[in-house]
file model_28.pdb (PDB, C-alpha atoms (C1' of nucleotides))
ATOM      1  CA  MET A 203    -152.709 -11.504 -46.927
ATOM      2  CA  GLN A 204    -150.236 -14.250 -46.481
ATOM      3  CA  ASP A 205    -146.518 -13.485 -46.447
ATOM      4  CA  ALA A 206    -146.465  -9.978 -47.812
ATOM      5  CA  LEU A 207    -146.377  -6.622 -46.085
ATOM      6  CA  THR A 208    -148.419  -3.547 -46.911
ATOM      7  CA  ILE A 209    -146.704  -0.354 -47.837
ATOM      8  CA  HIS A 210    -146.603   1.115 -44.346
ATOM      9  CA  GLU A 211    -145.345  -2.107 -42.844
ATOM     10  CA  ALA A 212    -142.699  -2.320 -45.529
ATOM     11  CA  ALA A 213    -141.779   1.284 -44.838
ATOM     12  CA  GLU A 214    -141.410   0.459 -41.171
ATOM     13  CA  THR A 215    -138.984  -2.416 -41.639
ATOM     14  CA  THR A 216    -136.924  -0.881 -44.424
ATOM     15  CA  GLY A 217    -136.507   2.634 -43.129
ATOM     16  CA  TRP A 218    -137.973   4.266 -46.187
ATOM     17  CA  SER A 219    -141.169   6.301 -45.943
ATOM     18  CA  ALA A 220    -144.310   5.007 -47.612
ATOM     19  CA  ARG A 221    -144.120   8.037 -49.837
ATOM     20  CA  MET A 222    -140.646   7.062 -50.979
ATOM     21  CA  LEU A 223    -141.672   3.480 -51.640
ATOM     22  CA  ARG A 224    -144.183   4.785 -54.159
ATOM     23  CA  TYR A 225    -141.520   7.068 -55.605
ATOM     24  CA  ILE A 226    -139.058   4.199 -55.897
ATOM     25  CA  GLU A 227    -141.727   2.193 -57.632
ATOM     26  CA  ARG A 228    -142.316   4.923 -60.192
ATOM     27  CA  ALA A 229    -138.586   4.937 -60.842
ATOM     28  CA  GLY A 230    -138.911   1.271 -61.731
ATOM     29  CA  LEU A 231    -136.472   0.180 -59.050
ATOM     30  CA  VAL A 232    -138.659  -1.922 -56.743
ATOM     31  CA  GLU A 233    -142.083  -2.883 -58.038
ATOM     32  CA  PRO A 234    -144.234  -4.821 -55.603
ATOM     33  CA  VAL A 235    -147.066  -7.014 -56.814
ATOM     34  CA  ARG A 236    -150.593  -5.782 -56.261
ATOM     35  CA  SER A 237    -153.456  -7.409 -54.456
ATOM     36  CA  ALA A 238    -156.737  -7.887 -56.281
ATOM     37  CA  SER A 239    -157.889  -4.508 -55.035
ATOM     38  CA  GLY A 240    -154.672  -2.732 -55.925
ATOM     39  CA  TYR A 241    -152.811  -2.729 -52.614
ATOM     40  CA  ARG A 242    -149.049  -2.962 -52.922
ATOM     41  CA  LEU A 243    -147.659  -6.189 -51.451
ATOM     42  CA  TYR A 244    -143.991  -6.319 -50.482
ATOM     43  CA  GLY A 245    -142.521  -9.800 -50.178
ATOM     44  CA  PRO A 246    -139.163 -10.750 -48.630
ATOM     45  CA  ALA A 247    -137.354 -10.203 -51.924
ATOM     46  CA  GLU A 248    -138.662  -6.650 -52.233
ATOM     47  CA  LEU A 249    -137.818  -5.881 -48.625
ATOM     48  CA  GLN A 250    -134.282  -7.083 -49.144
ATOM     49  CA  ARG A 251    -133.962  -5.051 -52.310
ATOM     50  CA  LEU A 252    -135.163  -1.951 -50.507
ATOM     51  CA  ARG A 253    -132.591  -2.396 -47.771
ATOM     52  CA  THR A 254    -129.722  -3.039 -50.167
ATOM     53  CA  LEU A 255    -130.851  -0.100 -52.254
ATOM     54  CA  ARG A 256    -130.362   2.168 -49.280
ATOM     55  CA  GLU A 257    -126.922   0.644 -48.734
ATOM     56  CA  LEU A 258    -126.027   1.217 -52.357
ATOM     57  CA  LEU A 259    -127.035   4.865 -52.243
ATOM     58  CA  ASP A 260    -125.285   5.594 -48.981
ATOM     59  CA  ARG A 261    -122.086   3.755 -49.721
ATOM     60  CA  HIS A 262    -121.429   5.257 -53.107
ATOM     61  CA  GLU A 263    -123.109   8.627 -52.775
ATOM     62  CA  ILE A 264    -125.379   8.136 -55.712
ATOM     63  CA  SER A 265    -128.988   9.196 -56.112
ATOM     64  CA  LEU A 266    -132.171   7.341 -56.924
ATOM     65  CA  GLY A 267    -132.189   9.169 -60.228
ATOM     66  CA  GLU A 268    -128.772   7.815 -61.058
ATOM     67  CA  VAL A 269    -129.755   4.252 -60.258
ATOM     68  CA  GLY A 270    -132.800   4.881 -62.409
ATOM     69  CA  PHE A 271    -130.507   5.938 -65.228
ATOM     70  CA  ALA A 272    -128.417   2.811 -64.771
ATOM     71  CA  LEU A 273    -131.634   0.849 -65.111
ATOM     72  CA  ARG A 274    -132.387   2.663 -68.335
ATOM     73  CA  LEU A 275    -128.927   1.771 -69.571
ATOM     74  CA  ARG A 276    -129.549  -1.918 -68.921
ATOM     75  CA  ARG A 277    -132.931  -1.940 -70.587
ATOM     76  CA  ASP A 278    -132.206   0.228 -73.603
ATOM     77  CA  GLU A 279    -129.439  -1.437 -75.563
ATOM     78  CA  GLU A 280    -129.354   1.330 -78.092
ATOM     79  CA  LEU A 281    -128.863   3.949 -75.413
ATOM     80  CA  LEU A 282    -126.079   1.938 -73.841
ATOM     81  CA  GLY A 283    -124.416   1.547 -77.226
ATOM     82  CA  ALA A 284    -124.665   5.252 -77.942
ATOM     83  CA  VAL A 285    -123.169   6.243 -74.610
ATOM     84  CA  GLU A 286    -120.401   3.672 -74.883
ATOM     85  CA  ALA A 287    -119.643   4.785 -78.402
ATOM     86  CA  TRP A 288    -119.302   8.362 -77.267
ATOM     87  CA  PHE A 289    -116.862   7.391 -74.553
ATOM     88  CA  GLU A 290    -114.890   5.123 -76.849
ATOM     89  CA  ALA A 291    -114.316   8.017 -79.187
ATOM     90  CA  GLU A 292    -112.387   9.634 -76.382
ATOM     91  CA  ALA A 293    -109.485   7.275 -76.937
ATOM     92  CA  GLU A 294    -106.727   9.424 -78.357
ATOM     93  CA  ARG A 295    -105.794   9.109 -81.931
ATOM     94  CA  PRO A 296    -102.605   6.994 -81.940
ATOM     95  CA  ALA A 297     -99.687   9.188 -82.963
ATOM     96  CA  HIS A 298     -98.578   6.871 -85.755
ATOM     97  CA  ILE A 299    -101.749   7.285 -87.766
ATOM     98  CA  PRO A 300    -101.450  10.131 -90.276
ATOM     99  CA  ALA A 301    -104.189  12.714 -90.155
ATOM    100  CA  ASP A 302    -105.488  11.752 -93.564
ATOM    101  CA  ASP A 303    -106.259   8.251 -92.378
ATOM    102  CA  TRP A 304    -107.872   9.426 -89.190
ATOM    103  CA  LEU A 305    -111.393   9.535 -90.476
ATOM    104  CA  GLU A 306    -111.204   6.076 -91.917
ATOM    105  CA  TRP A 307    -109.707   4.791 -88.712
ATOM    106  CA  GLU A 308    -112.552   6.311 -86.741
ATOM    107  CA  GLN A 309    -115.030   4.673 -89.014
ATOM    108  CA  GLN A 310    -113.457   1.268 -88.576
ATOM    109  CA  LYS A 311    -113.578   1.679 -84.824
ATOM    110  CA  HIS A 312    -117.236   2.530 -85.079
ATOM    111  CA  MET A 313    -117.837  -0.568 -87.174
ATOM    112  CA  LYS A 314    -116.133  -2.769 -84.657
ATOM    113  CA  LEU A 315    -118.232  -1.271 -81.915
ATOM    114  CA  LEU A 316    -121.437  -1.926 -83.789
ATOM    115  CA  ALA A 317    -120.328  -5.475 -84.396
ATOM    116  CA  THR A 318    -119.846  -6.168 -80.711
ATOM    117  CA  THR A 319    -123.130  -4.505 -79.816
ATOM    118  CA  ALA A 320    -125.149  -6.552 -82.300
TER     119      ALA A 320
ATOM    120  CA  MET B 181    -101.902  29.296 -81.548
ATOM    121  CA  GLN B 182    -101.689  26.748 -84.266
ATOM    122  CA  ASP B 183    -104.584  24.393 -84.886
ATOM    123  CA  ALA B 184    -106.670  24.912 -81.788
ATOM    124  CA  LEU B 185    -109.625  27.157 -81.088
ATOM    125  CA  THR B 186    -110.230  29.303 -78.034
ATOM    126  CA  ILE B 187    -113.312  28.762 -75.949
ATOM    127  CA  HIS B 188    -115.474  31.322 -77.710
ATOM    128  CA  GLU B 189    -114.484  30.066 -81.120
ATOM    129  CA  ALA B 190    -115.196  26.527 -80.030
ATOM    130  CA  ALA B 191    -118.536  27.663 -78.670
ATOM    131  CA  GLU B 192    -119.306  29.265 -81.998
ATOM    132  CA  THR B 193    -118.688  26.171 -84.076
ATOM    133  CA  THR B 194    -120.248  23.648 -81.713
ATOM    134  CA  GLY B 195    -123.381  25.488 -80.726
ATOM    135  CA  TRP B 196    -122.642  25.358 -77.010
ATOM    136  CA  SER B 197    -122.106  28.530 -75.029
ATOM    137  CA  ALA B 198    -118.676  29.282 -73.602
ATOM    138  CA  ARG B 199    -120.249  28.958 -70.182
ATOM    139  CA  MET B 200    -121.443  25.446 -70.967
ATOM    140  CA  LEU B 201    -118.054  24.423 -72.302
ATOM    141  CA  ARG B 202    -116.598  25.212 -68.889
ATOM    142  CA  TYR B 203    -119.472  23.354 -67.271
ATOM    143  CA  ILE B 204    -118.916  20.325 -69.492
ATOM    144  CA  GLU B 205    -115.254  20.409 -68.604
ATOM    145  CA  ARG B 206    -116.037  20.362 -64.894
ATOM    146  CA  ALA B 207    -118.233  17.349 -65.515
ATOM    147  CA  GLY B 208    -115.145  15.649 -66.952
ATOM    148  CA  LEU B 209    -116.784  15.088 -70.329
ATOM    149  CA  VAL B 210    -114.615  17.200 -72.635
ATOM    150  CA  GLU B 211    -111.348  18.490 -71.225
ATOM    151  CA  PRO B 212    -109.351  20.708 -73.559
ATOM    152  CA  VAL B 213    -105.622  21.142 -73.128
ATOM    153  CA  ARG B 214    -104.380  24.432 -71.761
ATOM    154  CA  SER B 215    -101.941  26.900 -73.229
ATOM    155  CA  ALA B 216     -98.932  27.958 -71.174
ATOM    156  CA  SER B 217    -100.952  30.818 -69.756
ATOM    157  CA  GLY B 218    -103.988  28.718 -68.986
ATOM    158  CA  TYR B 219    -106.226  29.346 -72.000
ATOM    159  CA  ARG B 220    -108.392  26.402 -73.024
ATOM    160  CA  LEU B 221    -107.452  25.037 -76.440
ATOM    161  CA  TYR B 222    -110.006  22.986 -78.338
ATOM    162  CA  GLY B 223    -108.587  20.768 -81.079
ATOM    163  CA  PRO B 224    -110.544  18.951 -83.794
ATOM    164  CA  ALA B 225    -111.078  15.944 -81.549
ATOM    165  CA  GLU B 226    -112.655  18.037 -78.812
ATOM    166  CA  LEU B 227    -114.844  19.865 -81.285
ATOM    167  CA  GLN B 228    -116.094  16.606 -82.675
ATOM    168  CA  ARG B 229    -116.771  15.293 -79.206
ATOM    169  CA  LEU B 230    -118.733  18.392 -78.335
ATOM    170  CA  ARG B 231    -120.915  18.024 -81.399
ATOM    171  CA  THR B 232    -121.545  14.336 -80.864
ATOM    172  CA  LEU B 233    -122.273  15.031 -77.224
ATOM    173  CA  ARG B 234    -125.099  17.302 -78.246
ATOM    174  CA  GLU B 235    -126.376  14.607 -80.587
ATOM    175  CA  LEU B 236    -126.238  12.067 -77.816
ATOM    176  CA  LEU B 237    -128.208  14.234 -75.418
ATOM    177  CA  ASP B 238    -130.839  15.221 -77.948
ATOM    178  CA  ARG B 239    -131.353  11.812 -79.454
ATOM    179  CA  HIS B 240    -131.793   9.923 -76.227
ATOM    180  CA  GLU B 241    -133.206  12.614 -73.981
ATOM    181  CA  ILE B 242    -130.499  12.276 -71.401
ATOM    182  CA  SER B 243    -128.820  14.983 -69.363
ATOM    183  CA  LEU B 244    -125.231  16.041 -68.905
ATOM    184  CA  GLY B 245    -125.485  14.799 -65.349
ATOM    185  CA  GLU B 246    -126.468  11.368 -66.582
ATOM    186  CA  VAL B 247    -123.567  11.179 -68.995
ATOM    187  CA  GLY B 248    -121.401  12.284 -66.100
ATOM    188  CA  PHE B 249    -122.752   9.408 -64.065
ATOM    189  CA  ALA B 250    -122.016   6.988 -66.904
ATOM    190  CA  LEU B 251    -118.473   8.313 -66.839
ATOM    191  CA  ARG B 252    -118.289   7.625 -63.129
ATOM    192  CA  LEU B 253    -119.483   4.105 -63.794
ATOM    193  CA  ARG B 254    -116.703   3.522 -66.310
ATOM    194  CA  ARG B 255    -114.021   4.894 -64.047
ATOM    195  CA  ASP B 256    -115.093   3.426 -60.730
ATOM    196  CA  GLU B 257    -115.087  -0.335 -61.113
ATOM    197  CA  GLU B 258    -116.332  -0.852 -57.621
ATOM    198  CA  LEU B 259    -119.311   1.395 -58.170
ATOM    199  CA  LEU B 260    -120.150  -0.396 -61.393
ATOM    200  CA  GLY B 261    -119.911  -3.720 -59.640
ATOM    201  CA  ALA B 262    -122.155  -2.587 -56.811
ATOM    202  CA  VAL B 263    -124.823  -1.263 -59.155
ATOM    203  CA  GLU B 264    -124.685  -4.345 -61.345
ATOM    204  CA  ALA B 265    -124.883  -6.591 -58.323
ATOM    205  CA  TRP B 266    -127.974  -4.789 -57.115
ATOM    206  CA  PHE B 267    -129.676  -5.238 -60.459
ATOM    207  CA  GLU B 268    -128.635  -8.852 -60.743
ATOM    208  CA  ALA B 269    -130.384  -9.581 -57.475
ATOM    209  CA  GLU B 270    -133.569  -8.565 -59.209
ATOM    210  CA  ALA B 271    -133.482 -11.623 -61.426
ATOM    211  CA  GLU B 272    -136.201 -13.866 -60.095
ATOM    212  CA  ARG B 273    -135.173 -16.943 -58.287
ATOM    213  CA  PRO B 274    -135.907 -19.764 -60.749
ATOM    214  CA  ALA B 275    -138.769 -21.816 -59.355
ATOM    215  CA  HIS B 276    -136.852 -25.059 -59.604
ATOM    216  CA  ILE B 277    -134.145 -23.988 -57.192
ATOM    217  CA  PRO B 278    -135.021 -24.892 -53.600
ATOM    218  CA  ALA B 279    -134.816 -22.091 -51.117
ATOM    219  CA  ASP B 280    -131.912 -23.696 -49.305
ATOM    220  CA  ASP B 281    -129.742 -23.503 -52.398
ATOM    221  CA  TRP B 282    -130.725 -19.977 -53.145
ATOM    222  CA  LEU B 283    -127.839 -18.354 -51.368
ATOM    223  CA  GLU B 284    -125.273 -20.537 -53.030
ATOM    224  CA  TRP B 285    -126.873 -19.906 -56.369
ATOM    225  CA  GLU B 286    -126.658 -16.181 -55.766
ATOM    226  CA  GLN B 287    -123.028 -16.499 -54.920
ATOM    227  CA  GLN B 288    -122.236 -18.386 -58.083
ATOM    228  CA  LYS B 289    -123.982 -15.741 -60.107
ATOM    229  CA  HIS B 290    -121.885 -13.126 -58.395
ATOM    230  CA  MET B 291    -118.735 -15.060 -59.238
ATOM    231  CA  LYS B 292    -119.675 -15.246 -62.860
ATOM    232  CA  LEU B 293    -120.254 -11.525 -62.854
ATOM    233  CA  LEU B 294    -116.854 -10.826 -61.419
ATOM    234  CA  ALA B 295    -115.280 -13.143 -63.941
ATOM    235  CA  THR B 296    -116.724 -11.308 -66.921
ATOM    236  CA  THR B 297    -115.851  -7.930 -65.492
ATOM    237  CA  ALA B 298    -112.221  -8.811 -64.882
TER     238      ALA B 298
ATOM    239  C1'  DA C 272    -100.312  50.502 -74.747
ATOM    240  C1'  DC C 273    -104.644  49.504 -75.758
ATOM    241  C1'  DA C 274    -108.491  46.624 -77.334
ATOM    242  C1'  DA C 275    -109.974  42.276 -77.306
ATOM    243  C1'  DC C 276    -109.409  38.316 -75.762
ATOM    244  C1'  DC C 277    -108.857  34.780 -71.742
ATOM    245  C1'  DT C 278    -109.146  33.189 -66.608
ATOM    246  C1'  DT C 279    -111.768  32.111 -61.995
ATOM    247  C1'  DG C 280    -115.393  33.225 -58.877
ATOM    248  C1'  DA C 281    -119.760  34.847 -57.600
ATOM    249  C1'  DC C 282    -124.819  35.995 -57.773
ATOM    250  C1'  DA C 283    -129.237  34.913 -59.971
ATOM    251  C1'  DC C 284    -132.969  32.532 -61.784
ATOM    252  C1'  DG C 285    -136.156  28.848 -63.500
ATOM    253  C1'  DC C 286    -136.978  24.111 -63.307
ATOM    254  C1'  DC C 287    -136.929  19.460 -61.737
ATOM    255  C1'  DC C 288    -136.011  16.017 -57.836
ATOM    256  C1'  DG C 289    -136.701  14.161 -53.403
ATOM    257  C1'  DT C 290    -139.791  14.417 -49.803
ATOM    258  C1'  DG C 291    -143.786  15.507 -46.920
ATOM    259  C1'  DG C 292    -148.548  16.437 -46.472
ATOM    260  C1'  DT C 293    -153.491  16.303 -47.485
ATOM    261  C1'  DA C 294    -157.852  15.368 -49.742
ATOM    262  C1'  DA C 295    -161.284  12.273 -51.808
ATOM    263  C1'  DG C 296    -162.435   7.834 -52.296
ATOM    264  C1'  DG C 297    -162.136   2.343 -52.198
ATOM    265  C1'  DT C 298    -161.011  -2.085 -49.044
ATOM    266  C1'  DT C 299    -160.778  -4.799 -44.982
ATOM    267  C1'  DG C 300    -161.489  -6.856 -40.619
ATOM    268  C1'  DG C 301    -163.790  -7.070 -36.161
TER     269       DG C 301
ATOM    270  C1'  DC D 296    -170.855  -0.492 -40.058
ATOM    271  C1'  DC D 297    -167.014   1.746 -38.522
ATOM    272  C1'  DA D 298    -162.057   2.396 -37.829
ATOM    273  C1'  DA D 299    -158.028   1.798 -39.977
ATOM    274  C1'  DC D 300    -156.013   0.772 -43.611
ATOM    275  C1'  DC D 301    -155.065   1.367 -48.811
ATOM    276  C1'  DT D 302    -155.280   3.993 -53.506
ATOM    277  C1'  DT D 303    -154.319   8.191 -56.772
ATOM    278  C1'  DA D 304    -153.788  13.049 -57.376
ATOM    279  C1'  DC D 305    -152.577  17.164 -56.054
ATOM    280  C1'  DC D 306    -149.861  21.399 -53.453
ATOM    281  C1'  DA D 307    -145.578  22.759 -51.192
ATOM    282  C1'  DC D 308    -140.926  23.457 -50.515
ATOM    283  C1'  DG D 309    -135.809  23.231 -50.021
ATOM    284  C1'  DG D 310    -131.936  22.129 -52.838
ATOM    285  C1'  DG D 311    -129.352  21.161 -56.943
ATOM    286  C1'  DC D 312    -128.783  21.527 -62.089
ATOM    287  C1'  DG D 313    -128.357  24.128 -66.393
ATOM    288  C1'  DT D 314    -127.543  28.590 -67.879
ATOM    289  C1'  DG D 315    -126.641  33.635 -68.101
ATOM    290  C1'  DT D 316    -124.153  37.506 -66.612
ATOM    291  C1'  DC D 317    -120.970  40.295 -64.262
ATOM    292  C1'  DA D 318    -116.583  41.608 -61.802
ATOM    293  C1'  DA D 319    -111.606  41.631 -61.222
ATOM    294  C1'  DG D 320    -107.631  40.464 -63.141
ATOM    295  C1'  DG D 321    -104.017  38.220 -66.555
ATOM    296  C1'  DT D 322    -102.550  37.557 -71.858
ATOM    297  C1'  DT D 323    -101.990  38.730 -76.630
ATOM    298  C1'  DG D 324    -101.477  40.904 -80.990
ATOM    299  C1'  DT D 325    -100.957  45.142 -83.591
TER     300       DT D 325
END

call {"tool": "encode", "arguments": {"input": "model_28.pdb", "output": "structure tokens"}}
result
Amino acid sequence: MQDALTIHEAAETTGWSARMLRYIERAGLVEPVRSASGYRLYGPAELQRLRTLRELLDRHEISLGEVGFALRLRRDEELLGAVEAWFEAEAERPAHIPADDWLEWEQQKHMKLLATTA
Amino acid sequence: MQDALTIHEAAETTGWSARMLRYIERAGLVEPVRSASGYRLYGPAELQRLRTLRELLDRHEISLGEVGFALRLRRDEELLGAVEAWFEAEAERPAHIPADDWLEWEQQKHMKLLATTA
DNA sequence: ACAACCTTGACACGCCCGTGGTAAGGTTGG
DNA sequence: CCAACCTTACCACGGGCGTGTCAAGGTTGT
């Protein structure tokens, strides 16, 4: 076991509990490599990530679940596009566009969005 | 009361309950205008947003809370930056970069990130 | 003026999340 | 070979989220 720490050692130096390290792993946020026999091995990079993760949560009052959702947003382009599209539709209809053209205008906006996403 | 629907009418046509419309409003997702006496007034735009919101949730198995968090991300640039920065640090250090240059490399990456965000 | 709306605020309840603990079993090092 | 680790898989439990419902009071239309 060269440079890496076991889960309890990693827990010790990062301030998380071993239980939470496993939880964080299931959330996909910090995934240590495994030894041949399946032990989790936390290297310096993982330890740093665990410490900054705590900082991130504390400083901005967000939850692990929310960071997990942000991760989902980065990995699932389609999801990100769908969420962005929903927010974009919030932009008010400009007053100078007559109601009859509204639908077409919406559609064009949607097209543009798809173009940038692809 | 010209074009707009009251909360129960809006509930009727969107499939949400009146209770949930108030909940969604508190989450900042769909905020109807108010009449002089404080009644919520849902116009066509809000109705459409409510329907597409349901679509969004169903299609991607996400929660109102998660969409609320996405909203927070759009509105709080600093939060977005912090979350993005945390994820960026996950990118493996390319093997060809010596450890001594690692920090500088990180910094440059951070700069690039800021540049695209601004 | 009265019925039928609307408002906010509260209580309630089921479910999931974050967290701890424990049990049953494999790995490791002296 | 034994103590001290590790693994996964459960049970538990306090708190927050999604949702309903009710109470007390203001607004509106006929």

call {"tool": "resolve_selection", "arguments": {"input": "model_28.pdb", "expression": "the PyMOL selection byres ((chain D) within 9 of (chain B))", "output": "list in words"}}
result
DC312, DG313, DT314, DG315, DG321 and DT322 of chain D

call {"tool": "atom_distance", "arguments": {"input": "model_28.pdb", "atom1": "atom C1' of C:DG301", "atom2": "atom C1' of D:DC296"}}
result
10.4 Å

call {"tool": "atom_distance", "arguments": {"input": "model_28.pdb", "atom1": "atom CA of A:Leu207", "atom2": "atom CA of A:Leu273"}}
result
25.2 Å

call {"tool": "interface_residues", "arguments": {"input": "model_28.pdb", "of": "chain B", "to": "chain A", "cutoff": "8 Å", "atoms": "only C-alpha atoms", "output": "PyMOL selection string"}}
result
chain B and resi 229+232-233+236+240+246-247+249-251+259+262-263+266-267+269-270

call {"tool": "write_last_selection", "arguments": {"input": "model_28.pdb", "atoms": "C-alpha atoms", "output": "mmCIF file, in the frame of the given file"}}
result
data_model
loop_
_atom_site.group_PDB
_atom_site.id
_atom_site.type_symbol
_atom_site.label_atom_id
_atom_site.label_comp_id
_atom_site.auth_asym_id
_atom_site.auth_seq_id
_atom_site.Cartn_x
_atom_site.Cartn_y
_atom_site.Cartn_z
ATOM 1 C CA ARG B 229 -116.771 15.293 -79.206
ATOM 2 C CA THR B 232 -121.545 14.336 -80.864
ATOM 3 C CA LEU B 233 -122.273 15.031 -77.224
ATOM 4 C CA LEU B 236 -126.238 12.067 -77.816
ATOM 5 C CA HIS B 240 -131.793 9.923 -76.227
ATOM 6 C CA GLU B 246 -126.468 11.368 -66.582
ATOM 7 C CA VAL B 247 -123.567 11.179 -68.995
ATOM 8 C CA PHE B 249 -122.752 9.408 -64.065
ATOM 9 C CA ALA B 250 -122.016 6.988 -66.904
ATOM 10 C CA LEU B 251 -118.473 8.313 -66.839
ATOM 11 C CA LEU B 259 -119.311 1.395 -58.170
ATOM 12 C CA ALA B 262 -122.155 -2.587 -56.811
ATOM 13 C CA VAL B 263 -124.823 -1.263 -59.155
ATOM 14 C CA TRP B 266 -127.974 -4.789 -57.115
ATOM 15 C CA PHE B 267 -129.676 -5.238 -60.459
ATOM 16 C CA ALA B 269 -130.384 -9.581 -57.475
ATOM 17 C CA GLU B 270 -133.569 -8.565 -59.209
#

call {"tool": "resolve_selection", "arguments": {"input": "model_28.pdb", "expression": "the PyMOL selection byres ((chain D and resi 302-308) around 10)", "output": "PDB file with C-alpha atoms (C1' of nucleotides), in the frame of the given file"}}
result
ATOM      1  CA  SER A 239    -157.889  -4.508 -55.035  1.00  0.00           C
ATOM      2  CA  GLY A 240    -154.672  -2.732 -55.925  1.00  0.00           C
ATOM      3  CA  TYR A 241    -152.811  -2.729 -52.614  1.00  0.00           C
ATOM      4  CA  ARG A 242    -149.049  -2.962 -52.922  1.00  0.00           C
TER       5      ARG A 242
ATOM      6  C1'  DT C 290    -139.791  14.417 -49.803  1.00  0.00           C
ATOM      7  C1'  DG C 291    -143.786  15.507 -46.920  1.00  0.00           C
ATOM      8  C1'  DG C 292    -148.548  16.437 -46.472  1.00  0.00           C
ATOM      9  C1'  DT C 293    -153.491  16.303 -47.485  1.00  0.00           C
ATOM     10  C1'  DA C 294    -157.852  15.368 -49.742  1.00  0.00           C
ATOM     11  C1'  DA C 295    -161.284  12.273 -51.808  1.00  0.00           C
ATOM     12  C1'  DG C 296    -162.435   7.834 -52.296  1.00  0.00           C
ATOM     13  C1'  DG C 297    -162.136   2.343 -52.198  1.00  0.00           C
ATOM     14  C1'  DT C 298    -161.011  -2.085 -49.044  1.00  0.00           C
TER      15       DT C 298
ATOM     16  C1'  DC D 301    -155.065   1.367 -48.811  1.00  0.00           C
ATOM     17  C1'  DG D 309    -135.809  23.231 -50.021  1.00  0.00           C
ATOM     18  C1'  DG D 310    -131.936  22.129 -52.838  1.00  0.00           C
TER      19       DG D 310
END

call {"tool": "atom_distance", "arguments": {"input": "model_28.pdb", "atom1": "atom CA of A:Thr208", "atom2": "atom C1' of C:DC287"}}
result
29.7 Å

call {"tool": "interface_residues", "arguments": {"input": "model_28.pdb", "of": "chain C", "to": "chain B", "cutoff": "10 Å", "atoms": "all atoms listed in the file", "output": "ChimeraX atom specification"}}
result
/C:276-278

call {"tool": "resolve_selection", "arguments": {"input": "model_28.pdb", "expression": "the PyMOL selection byres ((chain D and resi 324) around 12)", "output": "PyMOL selection string"}}
result
(chain B and resi 181) or (chain C and resi 272-276) or (chain D and resi 322-323+325)
